[in-house]
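S.K.: Sending over start.pdb (PDB, C-alpha atoms, pLDDT in the B column).
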MODEL        1
ATOM      1  CA  MET A 149      18.620 -11.880   5.967  1.00 57.00           C
ATOM      2  CA  LYS A 150      18.082  -9.503   8.870  1.00 66.00           C
ATOM      3  CA  LYS A 151      15.578  -7.455   6.881  1.00 66.00           C
ATOM      4  CA  SER A 152      13.527 -10.470   5.831  1.00 65.00           C
ATOM      5  CA  SER A 153      13.334 -11.870   9.378  1.00 65.00           C
ATOM      6  CA  ALA A 154      12.356  -8.458  10.764  1.00 56.00           C
ATOM      7  CA  ALA A 155       9.685  -8.116   8.074  1.00 52.00           C
ATOM      8  CA  LEU A 156       8.403 -11.604   8.848  1.00 55.00           C
ATOM      9  CA  VAL A 157       8.124 -10.764  12.552  1.00 56.00           C
ATOM     10  CA  LEU A 158       6.250  -7.524  11.771  1.00 54.00           C
ATOM     11  CA  ILE A 159       3.847  -9.270   9.398  1.00 63.00           C
ATOM     12  CA  THR A 160       3.193 -12.022  11.935  1.00 57.00           C
ATOM     13  CA  CYS A 161       2.496  -9.486  14.686  1.00 50.00           C
ATOM     14  CA  ALA A 162       0.169  -7.507  12.422  1.00 52.00           C
ATOM     15  CA  LEU A 163      -1.753 -10.640  11.502  1.00 53.00           C
ATOM     16  CA  LEU A 164      -2.084 -11.699  15.123  1.00 49.00           C
ATOM     17  CA  ILE A 165      -3.331  -8.284  16.159  1.00 48.00           C
ATOM     18  CA  GLY A 166      -5.771  -8.136  13.240  1.00 52.00           C
ATOM     19  CA  CYS A 167      -7.109 -11.644  13.830  1.00 52.00           C
ATOM     20  CA  ASN A 168      -7.389 -11.135  17.557  1.00 49.00           C
ATOM     21  CA  LYS A 169     -10.063  -8.440  17.192  1.00 58.00           C
ATOM     22  CA  SER A 170     -12.319 -10.491  14.945  1.00 75.00           C
ATOM     23  CA  GLN A 171     -14.762 -11.138  17.786  1.00 90.00           C
ATOM     24  CA  GLN A 172     -14.784  -7.523  18.957  1.00 95.00           C
ATOM     25  CA  ILE A 173     -16.955  -4.680  17.762  1.00 95.00           C
ATOM     26  CA  ASN A 174     -15.075  -1.971  15.893  1.00 95.00           C
ATOM     27  CA  GLY A 175     -16.582   1.301  17.095  1.00 93.00           C
ATOM     28  CA  SER A 176     -14.465   3.688  15.027  1.00 93.00           C
ATOM     29  CA  SER A 177     -17.452   4.643  12.820  1.00 94.00           C
ATOM     30  CA  MET A 178     -21.057   3.583  12.343  1.00 94.00           C
ATOM     31  CA  LYS A 179     -20.067   1.861   9.098  1.00 95.00           C
ATOM     32  CA  THR A 180     -17.465  -0.271  10.882  1.00 95.00           C
ATOM     33  CA  VAL A 181     -19.888  -0.934  13.742  1.00 95.00           C
ATOM     34  CA  ASN A 182     -22.460  -2.310  11.317  1.00 94.00           C
ATOM     35  CA  ARG A 183     -19.851  -4.313   9.431  1.00 95.00           C
ATOM     36  CA  SER A 184     -18.374  -5.871  12.569  1.00 95.00           C
ATOM     37  CA  ILE A 185     -21.837  -6.594  14.013  1.00 95.00           C
ATOM     38  CA  SER A 186     -22.781  -8.437  10.813  1.00 94.00           C
ATOM     39  CA  GLN A 187     -19.561 -10.444  10.773  1.00 95.00           C
ATOM     40  CA  ILE A 188     -19.812 -11.361  14.446  1.00 95.00           C
ATOM     41  CA  LYS A 189     -23.475 -12.331  14.088  1.00 93.00           C
ATOM     42  CA  GLU A 190     -22.661 -14.711  11.224  1.00 93.00           C
ATOM     43  CA  ARG A 191     -20.127 -16.535  13.395  1.00 93.00           C
ATOM     44  CA  LEU A 192     -22.350 -16.885  16.457  1.00 93.00           C
ATOM     45  CA  PRO A 193     -24.295 -20.049  17.186  1.00 90.00           C
ATOM     46  CA  LEU A 194     -28.004 -19.699  16.387  1.00 80.00           C
ATOM     47  CA  ASP A 195     -29.054 -19.642  20.030  1.00 79.00           C
ATOM     48  CA  GLN A 196     -26.805 -16.628  20.718  1.00 92.00           C
ATOM     49  CA  ARG A 197     -27.692 -14.585  17.640  1.00 93.00           C
ATOM     50  CA  ILE A 198     -31.000 -13.307  18.917  1.00 93.00           C
ATOM     51  CA  GLU A 199     -29.537 -12.462  22.327  1.00 94.00           C
ATOM     52  CA  PHE A 200     -26.791 -10.558  20.543  1.00 95.00           C
ATOM     53  CA  GLU A 201     -29.236  -8.681  18.295  1.00 94.00           C
ATOM     54  CA  VAL A 202     -31.612  -7.828  21.138  1.00 94.00           C
ATOM     55  CA  SER A 203     -28.713  -6.611  23.268  1.00 95.00           C
ATOM     56  CA  PHE A 204     -27.326  -4.481  20.450  1.00 95.00           C
ATOM     57  CA  TRP A 205     -30.666  -2.804  19.712  1.00 94.00           C
ATOM     58  CA  THR A 206     -31.495  -2.383  23.408  1.00 94.00           C
ATOM     59  CA  LEU A 207     -28.233  -0.523  23.913  1.00 95.00           C
ATOM     60  CA  ARG A 208     -28.785   1.462  20.710  1.00 95.00           C
ATOM     61  CA  ASP A 209     -32.224   2.467  21.959  1.00 93.00           C
ATOM     62  CA  ASP A 210     -30.710   3.586  25.261  1.00 94.00           C
ATOM     63  CA  ILE A 211     -27.830   5.595  23.762  1.00 94.00           C
ATOM     64  CA  LYS A 212     -29.120   7.884  21.021  1.00 93.00           C
ATOM     65  CA  ASP A 213     -25.901   9.815  20.329  1.00 94.00           C
ATOM     66  CA  ASN A 214     -23.758   8.019  17.722  1.00 93.00           C
ATOM     67  CA  GLY A 215     -20.453   9.012  19.312  1.00 94.00           C
ATOM     68  CA  GLN A 216     -21.452   7.860  22.785  1.00 95.00           C
ATOM     69  CA  PHE A 217     -22.898   4.655  21.368  1.00 95.00           C
ATOM     70  CA  MET A 218     -19.750   3.847  19.411  1.00 94.00           C
ATOM     71  CA  ASP A 219     -17.618   4.504  22.508  1.00 95.00           C
ATOM     72  CA  ALA A 220     -19.881   2.299  24.621  1.00 95.00           C
ATOM     73  CA  ILE A 221     -19.657  -0.747  22.354  1.00 95.00           C
ATOM     74  CA  ASP A 222     -16.149  -0.343  20.928  1.00 96.00           C
ATOM     75  CA  GLY A 223     -14.024  -3.401  21.671  1.00 95.00           C
ATOM     76  CA  LYS A 224     -16.858  -5.401  23.223  1.00 96.00           C
ATOM     77  CA  THR A 225     -17.126  -9.112  22.571  1.00 96.00           C
ATOM     78  CA  PRO A 226     -20.506 -10.791  21.979  1.00 96.00           C
ATOM     79  CA  ASP A 227     -20.584 -12.013  25.593  1.00 96.00           C
ATOM     80  CA  GLN A 228     -19.845  -8.529  26.925  1.00 96.00           C
ATOM     81  CA  LEU A 229     -22.545  -6.990  24.722  1.00 96.00           C
ATOM     82  CA  ILE A 230     -25.089  -9.595  25.850  1.00 96.00           C
ATOM     83  CA  ALA A 231     -24.159  -8.954  29.500  1.00 96.00           C
ATOM     84  CA  ALA A 232     -24.702  -5.214  28.960  1.00 96.00           C
ATOM     85  CA  GLY A 233     -28.068  -5.951  27.328  1.00 95.00           C
ATOM     86  CA  LYS A 234     -29.131  -8.135  30.267  1.00 96.00           C
ATOM     87  CA  GLU A 235     -28.073  -5.435  32.710  1.00 95.00           C
ATOM     88  CA  LEU A 236     -30.090  -2.805  30.853  1.00 95.00           C
ATOM     89  CA  PHE A 237     -33.080  -5.187  30.722  1.00 94.00           C
ATOM     90  CA  GLU A 238     -32.935  -5.639  34.504  1.00 94.00           C
ATOM     91  CA  LYS A 239     -32.618  -1.886  35.033  1.00 94.00           C
ATOM     92  CA  ARG A 240     -35.602  -1.114  32.805  1.00 92.00           C
ATOM     93  CA  LYS A 241     -37.686  -3.908  34.322  1.00 90.00           C
ATOM     94  CA  ALA A 242     -36.944  -2.655  37.838  1.00 91.00           C
ATOM     95  CA  SER A 243     -37.940   0.884  36.824  1.00 91.00           C
ATOM     96  CA  GLY A 244     -41.331  -0.435  35.670  1.00 89.00           C
ATOM     97  CA  SER A 245     -40.950  -0.038  31.917  1.00 88.00           C
ATOM     98  CA  LYS A 246     -44.148  -1.199  30.205  1.00 89.00           C
ATOM     99  CA  ASP A 247     -42.204  -2.879  27.396  1.00 86.00           C
ATOM    100  CA  TYR A 248     -40.530  -5.230  29.859  1.00 87.00           C
ATOM    101  CA  GLU A 249     -43.204  -5.928  32.460  1.00 87.00           C
ATOM    102  CA  LYS A 250     -44.712  -8.706  30.340  1.00 89.00           C
ATOM    103  CA  PHE A 251     -41.480 -10.725  30.669  1.00 91.00           C
ATOM    104  CA  ALA A 252     -40.523 -12.506  33.878  1.00 91.00           C
ATOM    105  CA  ASN A 253     -36.835 -12.505  32.986  1.00 93.00           C
ATOM    106  CA  TRP A 254     -34.288 -12.110  30.188  1.00 94.00           C
ATOM    107  CA  GLU A 255     -34.483 -15.760  29.143  1.00 94.00           C
ATOM    108  CA  GLN A 256     -38.255 -15.561  28.680  1.00 93.00           C
ATOM    109  CA  MET A 257     -37.926 -12.455  26.514  1.00 93.00           C
ATOM    110  CA  ILE A 258     -35.249 -14.079  24.343  1.00 93.00           C
ATOM    111  CA  SER A 259     -37.316 -17.246  24.084  1.00 92.00           C
ATOM    112  CA  GLN A 260     -40.345 -15.266  22.901  1.00 91.00           C
ATOM    113  CA  TYR A 261     -38.307 -13.325  20.343  1.00 89.00           C
ATOM    114  CA  SER A 262     -36.767 -16.581  19.100  1.00 88.00           C
ATOM    115  CA  GLN A 263     -40.216 -18.090  18.644  1.00 89.00           C
ATOM    116  CA  GLU A 264     -41.409 -14.983  16.818  1.00 87.00           C
ATOM    117  CA  ARG A 265     -38.422 -15.242  14.468  1.00 83.00           C
ATOM    118  CA  ILE A 266     -39.199 -18.907  13.777  1.00 83.00           C
ATOM    119  CA  ASP A 267     -42.857 -18.094  13.102  1.00 83.00           C
ATOM    120  CA  GLN A 268     -41.850 -15.214  10.857  1.00 80.00           C
ATOM    121  CA  ASN A 269     -39.712 -17.501   8.726  1.00 73.00           C
ATOM    122  CA  ARG A 270     -42.492 -20.081   8.430  1.00 76.00           C
ATOM    123  CA  LYS A 271     -45.141 -17.618   7.260  1.00 67.00           C
ATOM    124  CA  LYS A 272     -43.495 -16.973   3.929  1.00 67.00           C
ATOM    125  CA  THR A 273     -46.193 -17.971   1.473  1.00 69.00           C
ATOM    126  CA  PRO A 274     -45.605 -18.353  -2.252  1.00 66.00           C
ATOM    127  CA  ASP A 275     -47.127 -15.883  -4.648  1.00 66.00           C
ATOM    128  CA  GLN A 276     -50.633 -17.026  -5.642  1.00 70.00           C
ATOM    129  CA  ARG A 277     -49.879 -16.290  -9.279  1.00 65.00           C
ATOM    130  CA  ASP A 278     -47.268 -19.058  -9.182  1.00 63.00           C
ATOM    131  CA  ASN A 279     -50.051 -21.561  -8.486  1.00 67.00           C
ATOM    132  CA  ALA A 280     -52.456 -20.115 -11.066  1.00 66.00           C
ATOM    133  CA  ASN A 281     -49.998 -20.025 -13.979  1.00 62.00           C
ATOM    134  CA  PRO A 282     -47.263 -22.541 -13.224  1.00 60.00           C
ATOM    135  CA  HIS A 283     -45.799 -22.452 -16.727  1.00 63.00           C
ATOM    136  CA  ARG A 284     -45.790 -18.685 -17.218  1.00 61.00           C
ATOM    137  CA  ILE A 285     -42.874 -16.726 -15.910  1.00 61.00           C
ATOM    138  CA  ASP A 286     -43.715 -13.369 -17.476  1.00 62.00           C
ATOM    139  CA  TYR A 287     -46.695 -12.494 -15.234  1.00 55.00           C
ATOM    140  CA  LYS A 288     -44.586 -10.064 -13.240  1.00 59.00           C
ATOM    141  CA  MET A 289     -43.754  -8.143 -16.401  1.00 61.00           C
ATOM    142  CA  HIS A 290     -47.423  -7.459 -17.216  1.00 58.00           C
ATOM    143  CA  SER A 291     -47.801  -5.058 -14.314  1.00 56.00           C
ATOM    144  CA  MET A 292     -44.894  -2.905 -15.505  1.00 53.00           C
TER     145      MET A 292
ENDMDL
END
Here is a file; write its structure as structure tokens.
M.R.:
Amino acid sequence: MKKSSAALVLITCALLIGCNKSQQINGSSMKTVNRSISQIKERLPLDQRIEFEVSFWTLRDDIKDNGQFMDAIDGKTPDQLIAAGKELFEKRKASGSKDYEKFANWEQMISQYSQERIDQNRKKTPDQRDNANPHRIDYKMHSM
């Protein structure tokens, strides 16, 4: 009885610890960074996804060394990563970076990127061959 209750307590603690870090970036390797970024991004509301992505890539652009980058983002939550991205945006804007001078503030930049993403998704046009030969499905095999 003592062994089963001790095992139950250990399993419960392990689950709580494991579940608690689900909204944090795992910076132990680049593979785990990418995996945790993807999982976190899927769980974020749509309006926060682009902010999260822009912040991640802004920080990645700033820190070229993989080890330093992994240390910098390890354990960060989406809100912490976005705050770091905003801070870096302000720093670059204040230094006169040409990439950022066209934006008045962070919100405007995110708004523009969001609109570009929406436009990108709308521009997907069907293959013209689908309209020309609606009943043929082997047209793609002819070019092989």
S.K.: Mind checking which residues fall within 12 Å of Ala252 in chain A, counting all atoms listed in the file, ignoring those fewer than 4 positions away in the same chain, and posting them as a PyMOL selection string?
M.R.: chain A and resi 237-238+241-242+247-248+256-260
S.K.: Box for range 176-192 of chain A - axis-aligned, 8 Å on each of the six sides, all listed atoms - centre and size in Å to one decimal, as lines of an AutoDock Vina configuration file.
M.R.:
center_x = -19.0
center_y = -6.1
center_z = 12.8
size_x = 25.0
size_y = 37.5
size_z = 23.4
S.K.: Counting all atoms listed in the file, which of A:Ser203, A:Asp222, A:Gln216, A:Gln263 gets nearest to Glu235 in chain A?
M.R.: A:Ser203
S.K.: I'd like the contact shell of Ile173 in chain A - 9 Å cut-off, all atoms listed in the file, skipping same-chain residues fewer than 5 positions apart - returned as a PyMOL selection string.
M.R.: chain A and resi 180-185+188+221-226
S.K.: Compile the contact shell of range 194-202 of chain A as a count of residues only: residues with an atom at most 8 Å away, counting all atoms listed in the file, same-chain residues fewer than 2 positions apart removed.
M.R.: 12
S.K.: One decimal, in Å: what's the spacing between CA of Gly175 in chain A and CA of Lys212 in chain A?
M.R.: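 Atom-to-atom, CA of Gly175 in chain A to CA of Lys212 in chain A, that is 14.7 Å.
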S.K.: CA of Gln172 in chain A and CA of Gln228 in chain A are how many Å apart?
M.R.: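 Going from CA of Gln172 in chain A over to CA of Gln228 in chain A covers 9.5 Å.
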S.K.: CA of Met178 in chain A to CA of Gly215 in chain A: how many Å, to one decimal?
M.R.: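 Between these atoms lies a distance of 8.9 Å.
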S.K.: Could you check the closest approach to Asp219 in chain A for each of A:Leu207, A:Gln187, A:Lys246, A:Gln276 and tell me which residue wins, using only C-alpha atoms?
M.R.: A:Leu207
